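To start, the structure itself, in structure tokens.
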Amino acid sequence: MLVETKARVGVFSIALQAYLPQFPQLVPEFKAQYEAFKKTIPDTVELIDGGMVTTKEQSQAAGDKFRAADVDLVIMQLLTYATSYNMLPAVRDLNVPVVLVNVQKLKAPDYANTDTPKWLGELYACGAVGEMVADLERAGKRHAVITGVVEGGDPEVQKEIEDWCRAAQVRRRFRDTNLAQIGRPYPGMMDLYIDETNLYHRMFVYTKQFDWEKMWAIADDITDEDAIRAKAQDILDTFEIEGGGTIEKVWDMARYVVAFEQWVKDEQLGLVASHYDGFAQGVAGKLDSMLIPAFSMLIKQGTACAVEGDIKVAMAMSILKTIAGTGQLSEMYSIDFNEDICIIGHSGSGDAAISQARKPTMKIVPVFHGKTGGGYLTQFYPPVGDVTYLAITQDRDGHFKFVAAEGVNEEGPIFTFGDTNMRTRFTCGAREFVNRWSEAGPTHHMAAAVGRHVDTILKVAKILDIPCEVITR
């Protein structure tokens with residue numbers, strides 16, 4: 001990604017201090033289990049180690065460390081039975097979910113040869129989890145439970161841990177990067193309008209405002225011909241250009257992409273929402289004509305760029321790009337009632353990573369429908385198979401909500417006028433899907449990703465402490 005971020009995950013384990021002098025062999029056993037557990041945390045996140053906690057004081061020390069690091073998530077390993085005072089001081093001042101990992105070392109007891117320390121050290125599970133959740137509820141803390149076993153490996157436990165870490169990355173990305181708003185939303189699309197101060201308070205995203213006059217001059221100082229040539233080749237490698245592409249043909253576009261990439265790094269941008277509604281003449285027209293593929297090159301590198309000034313869909317695109325590796329802007333296009341499928345897509349910038357069916361295409365059109373000017377249009381070709389859609393909306397009080405759905409993209413004809421579109425079948429049928437999706441009030445844009453990701457989206461929603469309405473799976 002052009003701007004790298006790394007989630008910070010607080011990790012600690014708990015055991016009951018009263019057991020340790022009674023059964024001293026538990027100390028090395030628990031230490032070894034905790035060291036092994038930490039290795040299951042993926043290196044895609046920064047691990048903040050709270051240690052093995054057996055007293056309230058140790059729990060407080062872990063909490064101090066977690067607060068100082070501004071962790072995005074806490075994962076706690078239950079080694080054996082422990083009282084909730086081992087847990088609560090570590091998390092009481094945090095506003096992030098606590099994931100309780102309740103893993104038993106051995107698959108099953110050797111009943112005849114199990115004594116008390118072996119039971120407490122290698123076979124104890126389940127007993128303390130309800131106590132922990134009860135106290136987390138009373139403390140108003142978000143929580144989740146993962147139960148499994150160490151012996152023989154447990155892919156489900158590992159998958160859940162990695163999924164939570166991916167979800168935590170969204171919070172860190174929103175927290176550490178900025179959103180660039182260039183211009184303003186498309187006139188009259190009031191579903192897109194947003195209060196940027198409310199956005200910062202509720203979703204951590206800080207908005208930087210940019211005028212188009214600044215953007216027109218962004219490439220004026222780009223003179224490194226080697227960098228421009230390399231980026232021109234990158235554009236040719238990314239897109240199949242109608243009529244054939246050459247370095248010379250995309251030279252000016254490459255200059256702007258080089259400039260945009262430096263701008264993204266300088267301003268720490270994870271998201272961009274833009275709309276131009278000027279006269280598209282002179283340098284303004286030049287940039288406007290190539291903005292769609294230029295921003296597509298930024299999306300390819302992890303910076304979500306949304307058209308029509310839609311900040312909320314930029315966030316949805318960023319979430320899917322972060323957790324799924326693909327994030328394509330979309331909206332409802334048509335319904336094929338004969339086939340009972342929805343046609344979903346959008347014109348404008350897109351994610352080359354989602355174009356897995358074929359290489360993205362670029363062509364010049366005389367008119368951008370509903371917008372000023374004309375220029376390069378890009379089309380992306382998502383693959384047949386599972387797809388996830390995510391929209392972000394707000395209620396009357398400014399609270400955010402996710403709207404999510406899973407479907408299946410199918411083979412068949414698509415529109416050929418240059419816009420990305422997909423033929424998606426939903427389990428509830430096209431007519432009912434459109435009813436349910438629309439009733440959720442999602443705004444008219446959403447993001448799309450290859451694969452099924454609702455479970456991870458639900459984790460993101462829990463981390464950000466916002467509701468998520470799942471339409472269909």
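The way I read the labels, and the way they are meant: chains A, B, ... in the order of the structure tokens, residue 1 as the first residue of every chain, and ligand 1 as the first ligand shown, with later ones counted on from there.
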What's around Ser438 of chain A at 10 Å? Count only C-alpha atoms, leave out sequence neighbours fewer than 5 positions away in its own chain, and write the answer as a PDB file with N, CA and C atoms, in the first residue's frame.
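result.pdb written:
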```
ATOM      1  N   VAL A 403     -24.364  -1.953   5.813  1.00  0.00           N
ATOM      2  CA  VAL A 403     -25.338  -2.823   5.139  1.00  0.00           C
ATOM      3  C   VAL A 403     -24.521  -3.762   4.264  1.00  0.00           C
ATOM      4  N   GLU A 432     -36.672  -9.508  -4.319  1.00  0.00           N
ATOM      5  CA  GLU A 432     -36.669  -9.396  -2.860  1.00  0.00           C
ATOM      6  C   GLU A 432     -35.374  -8.767  -2.356  1.00  0.00           C
ATOM      7  N   PHE A 433     -34.266  -9.064  -3.053  1.00  0.00           N
ATOM      8  CA  PHE A 433     -33.003  -8.450  -2.631  1.00  0.00           C
ATOM      9  C   PHE A 433     -33.068  -6.936  -2.755  1.00  0.00           C
ATOM     10  N   THR A 443     -27.799   4.262   0.898  1.00  0.00           N
ATOM     11  CA  THR A 443     -27.350   5.196  -0.131  1.00  0.00           C
ATOM     12  C   THR A 443     -27.215   4.422  -1.440  1.00  0.00           C
ATOM     13  N   HIS A 444     -26.991   5.118  -2.547  1.00  0.00           N
ATOM     14  CA  HIS A 444     -27.074   4.406  -3.825  1.00  0.00           C
ATOM     15  C   HIS A 444     -25.736   3.796  -4.249  1.00  0.00           C
ATOM     16  N   ILE A 471     -28.165  -8.394   4.717  1.00  0.00           N
ATOM     17  CA  ILE A 471     -29.363  -8.548   3.889  1.00  0.00           C
ATOM     18  C   ILE A 471     -29.556  -9.988   3.447  1.00  0.00           C
TER      19      ILE A 471
END
```
Pull the closest atom pair for each residue of segment 392-466 of chain A that gets at most 12 Å from segment 65-76 of chain A, along with the distance in Å to one decimal, counting only C-alpha atoms, ordering rows by chain and then ascending residue number, as JSON lines.
```
{"residue": "A:Lys459", "atom": "CA", "partner": "A:Leu73", "partner_atom": "CA", "distance": 10.6}
{"residue": "A:Val460", "atom": "CA", "partner": "A:Leu73", "partner_atom": "CA", "distance": 10.5}
{"residue": "A:Lys462", "atom": "CA", "partner": "A:Leu73", "partner_atom": "CA", "distance": 10.3}
{"residue": "A:Ile463", "atom": "CA", "partner": "A:Leu73", "partner_atom": "CA", "distance": 7.3}
{"residue": "A:Leu464", "atom": "CA", "partner": "A:Asp72", "partner_atom": "CA", "distance": 9.4}
{"residue": "A:Asp465", "atom": "CA", "partner": "A:Asp72", "partner_atom": "CA", "distance": 11.9}
```
Those selected residues, please, written with N, CA and C atoms and delivered as a compact mmCIF listing (two decimals), in the first residue's frame.
```
# COMPACT_ATOMS: atom_id res chain seq x y z
N LYS A 459 -17.11 -8.42 12.29
CA LYS A 459 -16.04 -8.14 13.27
C LYS A 459 -15.59 -6.69 13.18
N VAL A 460 -15.47 -6.17 11.96
CA VAL A 460 -15.13 -4.76 11.79
C VAL A 460 -16.18 -3.89 12.47
N LYS A 462 -18.08 -4.63 14.95
CA LYS A 462 -17.95 -4.72 16.40
C LYS A 462 -16.77 -3.89 16.89
N ILE A 463 -15.67 -3.91 16.15
CA ILE A 463 -14.50 -3.12 16.54
C ILE A 463 -14.81 -1.63 16.48
N LEU A 464 -15.53 -1.20 15.44
CA LEU A 464 -15.87 0.22 15.29
C LEU A 464 -17.11 0.60 16.10
N ASP A 465 -17.76 -0.40 16.70
CA ASP A 465 -18.93 -0.21 17.55
C ASP A 465 -20.08 0.44 16.78
```
Worksheet item: Between atom CA of Gln60 of chain A and atom CA of Leu47 of chain A, what is the distance, to one decimal in Å?
Response: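 Pair atom CA of Gln60 of chain A / atom CA of Leu47 of chain A returns 17.9 Å.
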Worksheet entry | Nearest to Gln281 of chain A by atom-to-atom distance, counting only C-alpha atoms, from A:Trp251, A:Trp216, A:Tyr256, A:Phe239 | A:Trp216
Extract the full set of strand (DSSP E) residues from segment 196-377 of chain A according to DSSP on the backbone, and format it as a JSON list (two decimals) with N, CA and C atoms, in the first residue's frame.
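Written output follows (states.json):
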```json
[["chain", "number", "residue", "atom", "x", "y", "z"],
["A", 206, "TYR", "N", -10.23, 11.46, 9.63],
["A", 206, "TYR", "CA", -10.04, 12.90, 9.53],
["A", 206, "TYR", "C", -10.04, 13.31, 8.06],
["A", 207, "THR", "N", -10.80, 14.36, 7.74],
["A", 207, "THR", "CA", -10.96, 14.81, 6.36],
["A", 207, "THR", "C", -10.07, 16.01, 6.08],
["A", 208, "LYS", "N", -9.28, 15.91, 5.00],
["A", 208, "LYS", "CA", -8.50, 17.04, 4.50],
["A", 208, "LYS", "C", -9.17, 17.55, 3.23],
["A", 209, "GLN", "N", -9.41, 18.85, 3.18],
["A", 209, "GLN", "CA", -10.11, 19.45, 2.05],
["A", 209, "GLN", "C", -9.12, 19.98, 1.02],
["A", 210, "PHE", "N", -9.39, 19.69, -0.26],
["A", 210, "PHE", "CA", -8.53, 20.16, -1.35],
["A", 210, "PHE", "C", -9.39, 20.80, -2.44],
["A", 240, "GLU", "N", -5.72, -2.63, -20.79],
["A", 240, "GLU", "CA", -5.74, -2.83, -22.24],
["A", 240, "GLU", "C", -6.43, -1.61, -22.83],
["A", 241, "ILE", "N", -5.70, -0.82, -23.61],
["A", 241, "ILE", "CA", -6.20, 0.46, -24.08],
["A", 241, "ILE", "C", -6.78, 0.33, -25.49],
["A", 269, "LEU", "N", -2.77, 9.66, 2.99],
["A", 269, "LEU", "CA", -4.14, 9.44, 2.54],
["A", 269, "LEU", "C", -4.45, 7.96, 2.37],
["A", 270, "GLY", "N", -5.48, 7.50, 3.06],
["A", 270, "GLY", "CA", -5.98, 6.15, 2.85],
["A", 270, "GLY", "C", -7.22, 6.13, 2.00],
["A", 271, "LEU", "N", -7.87, 7.33, 1.85],
["A", 271, "LEU", "CA", -9.13, 7.42, 1.14],
["A", 271, "LEU", "C", -9.20, 8.75, 0.40],
["A", 272, "VAL", "N", -9.88, 8.75, -0.74],
["A", 272, "VAL", "CA", -10.10, 9.96, -1.53],
["A", 272, "VAL", "C", -11.55, 9.94, -2.03],
["A", 273, "ALA", "N", -12.23, 11.07, -1.89],
["A", 273, "ALA", "CA", -13.57, 11.23, -2.48],
["A", 273, "ALA", "C", -13.55, 12.51, -3.28],
["A", 274, "SER", "N", -13.90, 12.44, -4.57],
["A", 274, "SER", "CA", -13.76, 13.62, -5.42],
["A", 274, "SER", "C", -14.93, 13.74, -6.39],
["A", 275, "HIS", "N", -15.20, 14.99, -6.76],
["A", 275, "HIS", "CA", -16.14, 15.25, -7.85],
["A", 275, "HIS", "C", -15.80, 16.60, -8.45],
["A", 304, "ALA", "N", -8.32, 3.99, -1.42],
["A", 304, "ALA", "CA", -9.67, 3.93, -1.97],
["A", 304, "ALA", "C", -10.05, 5.28, -2.55],
["A", 305, "CYS", "N", -10.44, 5.32, -3.82],
["A", 305, "CYS", "CA", -10.82, 6.57, -4.49],
["A", 305, "CYS", "C", -12.24, 6.44, -5.00],
["A", 306, "ALA", "N", -13.14, 7.27, -4.47],
["A", 306, "ALA", "CA", -14.55, 7.19, -4.83],
["A", 306, "ALA", "C", -14.95, 8.38, -5.68],
["A", 328, "GLN", "N", -14.23, -2.54, -5.01],
["A", 328, "GLN", "CA", -14.73, -1.93, -6.24],
["A", 328, "GLN", "C", -15.99, -1.11, -5.96],
["A", 329, "LEU", "N", -16.03, 0.14, -6.40],
["A", 329, "LEU", "CA", -17.23, 0.95, -6.26],
["A", 329, "LEU", "C", -18.34, 0.42, -7.17],
["A", 330, "SER", "N", -19.55, 0.35, -6.64],
["A", 330, "SER", "CA", -20.67, -0.23, -7.39],
["A", 330, "SER", "C", -21.97, 0.47, -7.04],
["A", 331, "GLU", "N", -22.99, 0.20, -7.85],
["A", 331, "GLU", "CA", -24.36, 0.59, -7.51],
["A", 331, "GLU", "C", -25.31, -0.29, -8.32],
["A", 332, "MET", "N", -26.57, -0.29, -7.94],
["A", 332, "MET", "CA", -27.57, -1.05, -8.68],
["A", 332, "MET", "C", -27.74, -0.45, -10.08],
["A", 333, "TYR", "N", -27.66, -1.31, -11.11],
["A", 333, "TYR", "CA", -27.83, -0.86, -12.49],
["A", 333, "TYR", "C", -29.18, -1.27, -13.06],
["A", 334, "SER", "N", -29.43, -2.57, -13.06],
["A", 334, "SER", "CA", -30.63, -3.11, -13.70],
["A", 334, "SER", "C", -30.99, -4.43, -13.04],
["A", 335, "ILE", "N", -32.18, -4.92, -13.37],
["A", 335, "ILE", "CA", -32.59, -6.27, -12.99],
["A", 335, "ILE", "C", -32.91, -7.04, -14.26],
["A", 336, "ASP", "N", -32.36, -8.23, -14.39],
["A", 336, "ASP", "CA", -32.76, -9.14, -15.47],
["A", 336, "ASP", "C", -33.82, -10.07, -14.87],
["A", 341, "ILE", "N", -31.62, -12.06, -11.76],
["A", 341, "ILE", "CA", -30.33, -11.58, -11.27],
["A", 341, "ILE", "C", -30.30, -10.05, -11.29],
["A", 342, "CYS", "N", -29.44, -9.49, -10.45],
["A", 342, "CYS", "CA", -29.22, -8.05, -10.42],
["A", 342, "CYS", "C", -27.97, -7.72, -11.23],
["A", 343, "ILE", "N", -28.06, -6.65, -12.00],
["A", 343, "ILE", "CA", -26.88, -6.12, -12.71],
["A", 343, "ILE", "C", -26.33, -4.99, -11.83],
["A", 344, "ILE", "N", -25.10, -5.15, -11.38],
["A", 344, "ILE", "CA", -24.51, -4.22, -10.42],
["A", 344, "ILE", "C", -23.16, -3.74, -10.94],
["A", 345, "GLY", "N", -22.89, -2.44, -10.87],
["A", 345, "GLY", "CA", -21.61, -1.93, -11.35],
["A", 345, "GLY", "C", -21.53, -0.43, -11.20],
["A", 346, "HIS", "N", -20.56, 0.18, -11.89],
["A", 346, "HIS", "CA", -20.42, 1.64, -11.87],
["A", 346, "HIS", "C", -19.41, 2.06, -12.91],
["A", 361, "THR", "N", -10.00, -2.67, -19.14],
["A", 361, "THR", "CA", -9.90, -1.94, -20.39],
["A", 361, "THR", "C", -10.07, -0.45, -20.15],
["A", 362, "MET", "N", -9.50, 0.33, -21.07],
["A", 362, "MET", "CA", -9.58, 1.78, -21.00],
["A", 362, "MET", "C", -9.91, 2.30, -22.39],
["A", 363, "LYS", "N", -10.87, 3.20, -22.46],
["A", 363, "LYS", "CA", -11.20, 3.78, -23.76],
["A", 363, "LYS", "C", -11.63, 5.22, -23.58],
["A", 364, "ILE", "N", -11.56, 5.99, -24.65],
["A", 364, "ILE", "CA", -11.95, 7.40, -24.62],
["A", 364, "ILE", "C", -13.42, 7.52, -25.04],
["A", 365, "VAL", "N", -14.19, 8.27, -24.24],
["A", 365, "VAL", "CA", -15.58, 8.53, -24.57],
["A", 365, "VAL", "C", -15.79, 10.04, -24.65],
["A", 375, "GLY", "N", -13.45, 11.78, -21.73],
["A", 375, "GLY", "CA", -12.07, 11.34, -21.58],
["A", 375, "GLY", "C", -11.99, 9.85, -21.41],
["A", 376, "TYR", "N", -11.04, 9.40, -20.60],
["A", 376, "TYR", "CA", -10.79, 7.97, -20.44],
["A", 376, "TYR", "C", -11.79, 7.34, -19.48],
["A", 377, "LEU", "N", -12.37, 6.24, -19.91],
["A", 377, "LEU", "CA", -13.28, 5.44, -19.09],
["A", 377, "LEU", "C", -12.64, 4.07, -18.89]]
```
Fill in: Separation of atom CA of Val454 of chain A from atom CA of Glu406 of chain A in Å
7.1 Å
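Atom CA of Gly148 of chain A sits 11.8 Å away from atom CA of Ala108 of chain A.
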